[in-house]
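Data file: my_file17.cif. Format and content: mmCIF, C-alpha atoms.
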```cif
data_upload
#
loop_
_atom_site.label_atom_id
_atom_site.label_comp_id
_atom_site.auth_asym_id
_atom_site.auth_seq_id
_atom_site.Cartn_x
_atom_site.Cartn_y
_atom_site.Cartn_z
CA MET A 1 -17.61 11.39 2.90
CA ARG A 2 -21.25 10.90 1.94
CA GLY A 3 -23.55 13.82 2.63
CA LEU A 4 -20.75 16.40 2.91
CA PHE A 5 -21.80 19.93 1.93
CA PHE A 6 -20.14 23.31 1.88
CA ALA A 7 -22.13 26.26 3.16
CA VAL A 8 -21.11 29.51 1.50
CA LEU A 9 -22.33 32.81 2.90
CA ALA A 10 -23.74 34.98 0.09
CA GLY A 11 -25.19 38.22 1.43
CA SER A 12 -27.92 37.38 3.90
CA SER A 13 -28.54 33.85 2.49
CA PHE A 14 -26.66 30.56 2.32
CA LEU A 15 -25.70 28.83 -0.93
CA ILE A 16 -25.48 25.03 -0.46
CA VAL A 17 -22.91 23.49 -2.82
CA PRO A 18 -22.44 19.66 -2.94
CA ALA A 19 -18.80 18.67 -2.40
CA VAL A 20 -17.05 17.08 -5.39
CA ALA A 21 -16.24 14.01 -3.30
CA ASP A 22 -19.95 13.35 -2.85
CA GLU A 23 -20.20 12.36 -6.50
CA ILE A 24 -17.79 9.46 -6.20
CA SER A 25 -17.95 8.65 -2.49
CA PRO A 26 -19.87 5.38 -3.10
CA TRP A 27 -16.54 3.97 -4.35
CA GLN A 28 -14.60 4.88 -1.19
CA GLY A 29 -13.95 2.25 1.46
CA LEU A 30 -14.16 -1.45 2.24
CA TYR A 31 -16.18 -3.92 0.15
CA ALA A 32 -16.69 -7.69 -0.05
CA GLY A 33 -18.54 -9.95 -2.44
CA VAL A 34 -18.87 -13.15 -4.44
CA ASN A 35 -18.23 -14.03 -8.07
CA ILE A 36 -18.63 -16.75 -10.67
CA GLY A 37 -16.74 -17.13 -13.91
CA TYR A 38 -15.41 -19.25 -16.75
CA GLY A 39 -11.83 -19.90 -17.81
CA TRP A 40 -10.10 -21.48 -20.79
CA GLY A 41 -6.60 -22.12 -22.13
CA ALA A 42 -4.71 -24.06 -24.80
CA GLY A 43 -3.14 -26.49 -22.32
CA SER A 44 0.06 -26.76 -24.37
CA THR A 45 2.28 -29.47 -22.89
CA GLY A 46 5.66 -30.76 -24.02
CA LEU A 47 6.40 -34.43 -23.31
CA SER A 48 9.71 -36.26 -23.05
CA PHE A 49 10.68 -39.68 -21.73
CA ASP A 50 13.85 -41.44 -20.66
CA THR A 51 15.05 -44.45 -18.70
CA THR A 52 16.77 -44.95 -15.37
CA ASP A 53 18.29 -48.23 -16.64
CA SER A 54 21.21 -47.89 -19.08
CA LEU A 55 20.30 -51.28 -20.61
CA LEU A 56 17.20 -49.61 -22.08
CA ASP A 57 19.03 -46.67 -23.68
CA SER A 58 18.91 -48.15 -27.19
CA PHE A 59 15.21 -49.03 -26.80
CA VAL A 60 14.42 -45.47 -25.73
CA ALA A 61 16.36 -44.06 -28.69
CA ASP A 62 14.46 -46.31 -31.12
CA ALA A 63 11.13 -45.42 -29.46
CA ARG A 64 11.84 -41.71 -29.86
CA THR A 65 12.73 -42.17 -33.53
CA ALA A 66 9.57 -44.19 -34.16
CA GLY A 67 7.35 -41.69 -32.33
CA LEU A 68 6.07 -44.13 -29.73
CA TYR A 69 5.01 -41.14 -27.60
CA PRO A 70 4.12 -37.61 -28.74
CA THR A 71 6.55 -34.77 -28.04
CA SER A 72 3.77 -32.25 -27.47
CA VAL A 73 0.08 -32.44 -26.55
CA ALA A 74 -2.71 -29.94 -26.00
CA PRO A 75 -5.19 -30.95 -23.28
CA ALA A 76 -7.31 -27.78 -23.70
CA VAL A 77 -8.30 -26.50 -20.25
CA ASN A 78 -11.70 -24.99 -19.57
CA GLY A 79 -14.34 -24.86 -16.86
CA VAL A 80 -16.29 -22.88 -14.31
CA PHE A 81 -14.86 -21.32 -11.16
CA GLY A 82 -16.33 -19.32 -8.32
CA GLY A 83 -15.38 -17.69 -5.06
CA ALA A 84 -15.22 -14.51 -3.02
CA GLN A 85 -13.33 -11.23 -3.00
CA LEU A 86 -12.41 -8.54 -0.45
CA GLY A 87 -11.08 -5.10 -1.30
CA TYR A 88 -10.64 -1.46 -0.41
CA ASN A 89 -10.92 1.66 -2.58
CA TRP A 90 -9.37 5.07 -2.06
CA LEU A 91 -10.35 8.33 -3.79
CA ALA A 92 -7.27 9.79 -5.48
CA GLY A 93 -8.81 12.73 -7.33
CA SER A 94 -12.05 14.16 -8.60
CA ASN A 95 -12.86 10.94 -10.48
CA LEU A 96 -9.85 8.66 -9.90
CA VAL A 97 -10.09 5.53 -7.72
CA VAL A 98 -7.21 3.31 -6.63
CA GLY A 99 -7.68 0.09 -4.71
CA LEU A 100 -6.42 -3.27 -3.56
CA GLU A 101 -8.38 -6.52 -3.99
CA GLY A 102 -7.78 -10.12 -3.02
CA ASP A 103 -9.84 -13.14 -4.08
CA ILE A 104 -9.92 -16.91 -3.68
CA GLN A 105 -11.53 -19.30 -6.17
CA GLY A 106 -12.53 -22.93 -6.30
CA SER A 107 -11.90 -24.09 -9.86
CA GLY A 108 -13.25 -26.68 -12.26
CA MET A 109 -10.85 -25.68 -15.05
CA ARG A 110 -9.39 -28.88 -16.47
CA GLY A 111 -8.68 -30.64 -19.76
CA THR A 112 -7.50 -33.97 -21.22
CA GLU A 113 -6.20 -35.23 -24.55
CA PHE A 114 -6.26 -38.84 -25.73
CA GLN A 115 -4.08 -40.34 -28.48
CA ASP A 116 -3.78 -43.85 -29.92
CA ARG A 117 -0.23 -44.49 -31.22
CA THR A 118 0.74 -47.38 -33.54
CA PRO A 119 4.33 -46.77 -34.72
CA ALA A 120 6.07 -49.41 -36.85
CA PHE A 121 7.76 -52.26 -34.95
CA PHE A 122 6.17 -51.27 -31.62
CA ASP A 123 3.02 -52.29 -29.80
CA GLU A 124 -0.08 -50.12 -30.02
CA ASP A 125 -0.17 -47.65 -27.11
CA THR A 126 -2.68 -45.16 -25.80
CA VAL A 127 -1.57 -41.87 -24.27
CA THR A 128 -3.76 -39.62 -22.11
CA THR A 129 -2.51 -36.31 -20.72
CA GLY A 130 -4.34 -33.92 -18.46
CA GLU A 131 -4.01 -30.55 -16.76
CA SER A 132 -6.13 -28.78 -14.18
CA VAL A 133 -6.22 -25.65 -12.04
CA ASP A 134 -7.77 -26.94 -8.81
CA TRP A 135 -7.99 -23.58 -7.01
CA PHE A 136 -6.40 -20.17 -7.33
CA GLY A 137 -6.28 -16.77 -5.74
CA THR A 138 -5.01 -13.32 -6.66
CA LEU A 139 -3.84 -10.14 -4.92
CA ARG A 140 -4.24 -7.19 -7.27
CA GLY A 141 -4.02 -3.44 -7.43
CA ARG A 142 -6.84 -1.57 -9.19
CA VAL A 143 -6.82 1.84 -10.88
CA GLY A 144 -10.11 3.18 -12.21
CA VAL A 145 -12.02 6.17 -13.47
CA VAL A 146 -15.55 7.03 -12.35
CA ALA A 147 -17.97 7.88 -15.15
CA ASN A 148 -21.49 9.25 -14.59
CA GLN A 149 -21.11 8.73 -10.83
CA ASN A 150 -22.35 5.13 -10.88
CA TRP A 151 -19.83 3.52 -13.27
CA LEU A 152 -16.22 2.55 -12.59
CA LEU A 153 -13.89 1.55 -15.45
CA TYR A 154 -10.65 0.01 -14.18
CA ALA A 155 -7.44 -1.86 -14.96
CA THR A 156 -6.06 -4.42 -12.53
CA GLY A 157 -3.00 -6.60 -12.04
CA GLY A 158 -0.80 -8.31 -9.48
CA LEU A 159 0.20 -11.67 -8.04
CA ALA A 160 -1.48 -15.06 -8.47
CA ALA A 161 -1.13 -18.46 -6.81
CA GLY A 162 -2.98 -21.75 -7.03
CA GLN A 163 -2.80 -25.53 -7.05
CA THR A 164 -2.11 -27.07 -10.45
CA THR A 165 -2.15 -30.73 -11.45
CA VAL A 166 -0.44 -32.58 -14.34
CA ARG A 167 -1.60 -36.11 -15.25
CA PHE A 168 -0.12 -38.74 -17.57
CA GLN A 169 -1.39 -42.20 -18.48
CA THR A 170 -0.17 -44.71 -21.05
CA THR A 171 -1.17 -48.33 -21.69
CA ASP A 172 0.27 -51.03 -23.93
CA VAL A 173 -2.85 -52.08 -25.85
CA THR A 174 -1.27 -54.97 -27.75
CA SER A 175 0.37 -56.88 -24.90
CA GLY A 176 -1.14 -55.36 -21.78
CA CYS A 177 0.71 -54.19 -18.68
CA ILE A 178 3.50 -56.65 -17.88
CA VAL A 179 6.15 -55.82 -15.27
CA ASP A 180 9.65 -55.53 -16.77
CA ALA A 181 8.23 -56.19 -20.25
CA THR A 182 5.82 -53.44 -21.39
CA ILE A 183 5.32 -49.79 -20.53
CA CYS A 184 2.27 -48.67 -18.57
CA ALA A 185 1.92 -45.57 -16.41
CA ASP A 186 -0.83 -43.82 -14.50
CA ALA A 187 0.59 -40.92 -12.50
CA SER A 188 -0.13 -37.33 -11.52
CA SER A 189 1.59 -34.48 -9.74
CA SER A 190 -0.05 -31.58 -7.86
CA ALA A 191 1.77 -28.54 -6.47
CA LEU A 192 1.37 -24.92 -5.49
CA SER A 193 2.15 -22.69 -8.46
CA THR A 194 2.75 -18.94 -8.44
CA GLY A 195 2.63 -16.31 -11.16
CA TRP A 196 0.90 -13.12 -12.20
CA VAL A 197 -2.47 -11.82 -13.34
CA ALA A 198 -3.67 -8.78 -15.30
CA GLY A 199 -6.90 -7.54 -16.81
CA ALA A 200 -9.65 -4.94 -16.79
CA GLY A 201 -13.25 -4.55 -15.77
CA VAL A 202 -16.32 -2.40 -15.37
CA GLU A 203 -18.41 -2.00 -12.22
CA THR A 204 -21.73 -0.25 -11.67
CA MET A 205 -23.68 0.73 -8.56
CA LEU A 206 -27.05 -1.02 -8.43
CA ALA A 207 -27.96 0.60 -5.11
CA SER A 208 -26.25 2.80 -2.51
CA ASN A 209 -24.21 -0.14 -1.14
CA VAL A 210 -24.38 -2.81 -3.86
CA SER A 211 -22.43 -3.01 -7.12
CA LEU A 212 -22.18 -5.44 -10.03
CA LYS A 213 -18.91 -6.00 -11.90
CA ALA A 214 -17.81 -7.75 -15.09
CA GLU A 215 -14.12 -8.57 -15.33
CA TYR A 216 -11.56 -10.13 -17.67
CA LEU A 217 -8.32 -11.53 -16.22
CA TYR A 218 -5.37 -13.29 -17.84
CA LEU A 219 -3.99 -15.77 -15.30
CA ASP A 220 -0.45 -17.13 -15.64
CA LEU A 221 0.60 -19.70 -13.01
CA GLY A 222 3.92 -20.53 -14.63
CA THR A 223 5.43 -23.79 -15.93
CA ARG A 224 5.79 -27.15 -14.22
CA SER A 225 7.86 -30.20 -15.32
CA PRO A 226 7.22 -33.08 -12.90
CA THR A 227 8.83 -36.48 -13.36
CA LEU A 228 6.24 -39.28 -13.54
CA ASN A 229 7.27 -42.92 -13.32
CA SER A 230 6.10 -45.92 -15.31
CA ASP A 231 4.35 -48.55 -13.18
CA THR A 232 5.94 -51.51 -14.98
CA THR A 233 9.40 -50.59 -16.31
CA PRO A 234 12.21 -48.13 -15.42
CA ILE A 235 10.88 -45.47 -17.81
CA VAL A 236 10.18 -41.89 -16.63
CA PHE A 237 7.95 -39.36 -18.36
CA THR A 238 8.36 -35.58 -18.02
CA PRO A 239 5.41 -33.47 -19.15
CA THR A 240 6.14 -29.72 -19.24
CA ALA A 241 2.92 -27.80 -18.74
CA HIS A 242 2.44 -24.02 -18.90
CA PHE A 243 -0.65 -22.93 -16.97
CA ALA A 244 -1.94 -19.80 -18.71
CA GLU A 245 -5.70 -19.26 -18.71
CA GLN A 246 -8.06 -16.52 -19.84
CA THR A 247 -10.96 -15.86 -17.48
CA VAL A 248 -14.16 -13.83 -17.41
CA ARG A 249 -16.31 -13.36 -14.33
CA LEU A 250 -19.33 -11.58 -12.90
CA GLY A 251 -19.21 -10.36 -9.32
CA LEU A 252 -21.54 -8.80 -6.76
CA ASN A 253 -20.06 -6.51 -4.09
CA TYR A 254 -21.42 -5.00 -0.87
CA HIS A 255 -19.82 -1.66 0.07
CA PHE A 256 -19.56 -0.94 3.79
CA ASP A 257 -20.23 2.60 5.07
#
```

Can the structure from this file be put into structure tokens for me?
Amino acid sequence: MRGLFFAVLAGSSFLIVPAVADEISPWQGLYAGVNIGYGWGAGSTGLSFDTTDSLLDSFVADARTAGLYPTSVAPAVNGVFGGAQLGYNWLAGSNLVVGLEGDIQGSGMRGTEFQDRTPAFFDEDTVTTGESVDWFGTLRGRVGVVANQNWLLYATGGLAAGQTTVRFQTTDVTSGCIVDATICADASSSALSTGWVAGAGVETMLASNVSLKAEYLYLDLGTRSPTLNSDTTPIVFTPTAHFAEQTVRLGLNYHFD
């Protein structure tokens, strides 16, 4: 508790000794704040395709052999995100702080890759793949050490969830998009993804109730393999995307008394 003192009787006078907790009490209790950050990832995506019509089995086999479509792509994901956080800290020793923090973020992290494919004996095709993290949130534990009263060094980790989107587009450049004759597709799939998050940070008190933090988090929202249909022929595409992003952020917190 802030302002706590021990009074020790020494002869006919009092010796006022600050309590140890007074040195780290700014880190005790409820806090809330806002943050802004940047995230990036490789966007590694495997790609396979097949047919729902057995009459096209031999065509699909020949297309795979010729490399009509890539088997893997890398729509590198990056972008800015921002949001808010709410947390609580407990004092667990002379300079040890443990806490729980939750946050929610709107995200502009996205990426695309474009390829032009011209395999022998097939029409020229373009292939565009994309990934995005549309929003995400985390619920994390924090364990930190107070240094010089106003600095907190901490590690953090826990659960993560967010909406992820996978996009796939292909166009027959040579012949155009003809129903039951050429392959064209323009499809996407969005879903709630769950995973984990871990990282570390440093936070400093700017004033008695205001702190500034810098934080690194590795965000893993797992793997998705949606089935996306061609618009013109009974061909289905299955991109397999692993959403794993590195993030850095700055945050401003207000600590309630």

Worksheet item: Could you spell out the hits of the PyMOL selection byres ((chain A and resi 256) around 6) on the shown file, as a ChimeraX atom specification?
Response: /A:30-31,255,257

Item to complete: Please write the residues picked by the PyMOL selection byres ((chain A and resi 76) around 8) on this file as a list in words.
Response: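 Selected by the PyMOL selection byres ((chain A and resi 76) around 8) in this file: Trp40, Gly41, Ala42, Gly43, Ser44, Ala74, Pro75, Val77, Asn78, Arg110, Gly111, Thr112 and Glu113 of chain A.
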
Discussion item. I'd like the neighbourhood of Ile235 (chain A) as a PyMOL selection string, where a residue qualifies if any of its atoms comes within 10 Å (using all atoms listed in the file), though same-chain residues fewer than 5 positions away should be ignored.
Written reply: chain A and resi 49-53+56+60+183-185+228-230

Do you know which residues the PyMOL selection byres ((chain A and resi 233) around 7) returns on this file, as a PDB file with C-alpha atoms, in the frame of the given file?
```
ATOM      1  CA  VAL A 179       6.150 -55.820 -15.270  1.00  0.00           C
ATOM      2  CA  ASP A 180       9.650 -55.530 -16.770  1.00  0.00           C
ATOM      3  CA  ALA A 181       8.230 -56.190 -20.250  1.00  0.00           C
ATOM      4  CA  THR A 182       5.820 -53.440 -21.390  1.00  0.00           C
ATOM      5  CA  ILE A 183       5.320 -49.790 -20.530  1.00  0.00           C
ATOM      6  CA  SER A 230       6.100 -45.920 -15.310  1.00  0.00           C
ATOM      7  CA  ASP A 231       4.350 -48.550 -13.180  1.00  0.00           C
ATOM      8  CA  THR A 232       5.940 -51.510 -14.980  1.00  0.00           C
ATOM      9  CA  PRO A 234      12.210 -48.130 -15.420  1.00  0.00           C
ATOM     10  CA  ILE A 235      10.880 -45.470 -17.810  1.00  0.00           C
TER      11      ILE A 235
END
```

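Counting all atoms listed in the file and comparing A:Cys177, A:Ala66, A:Ala187, A:Val202, the residue that lies closest to Ala147 (chain A) is A:Val202.
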
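Nearest to Ser94 (chain A) of all the residues A:Leu152, A:Val173, A:Val146, A:Val248 is A:Val146, counting only C-alpha atoms.
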
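Proximity to Leu86 (chain A) was assessed for A:Thr118, A:Asn253, A:Gln169, A:Ser208 counting all atoms listed in the file; the smallest distance is recorded for A:Asn253.
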
Practice prompt. Go through A:Pro119, A:Gly222, A:Gly176, A:Gly108 and flag the residue nearest Ser193 (chain A), using all atoms listed in the file for the distances.
Written response: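 Of all the options, A:Gly222 lies closest to Ser193 (chain A).
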
Worksheet item: Which polymer residues have any atom within 7 Å of an atom of Asp125 (chain A), counting only C-alpha atoms, with same-chain residues fewer than 2 positions away left out, as a list in words?
Response: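 Contacts, with the query itself left out: Asp116, Arg117, Thr118, Asp123, Val127, Thr170, Thr171, Asp172 and Val173 of chain A.
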
Step by step, gather every atom of region 217-236 of chain A that the file lists, find the box along x, y and z that holds them, add 8 Å on each side, and finally give centre and edge lengths in Å to one decimal, as JSON.
```
{"center_x": 1.9, "center_y": -31.5, "center_z": -15.4, "size_x": 36.5, "size_y": 56.0, "size_z": 20.9}
```
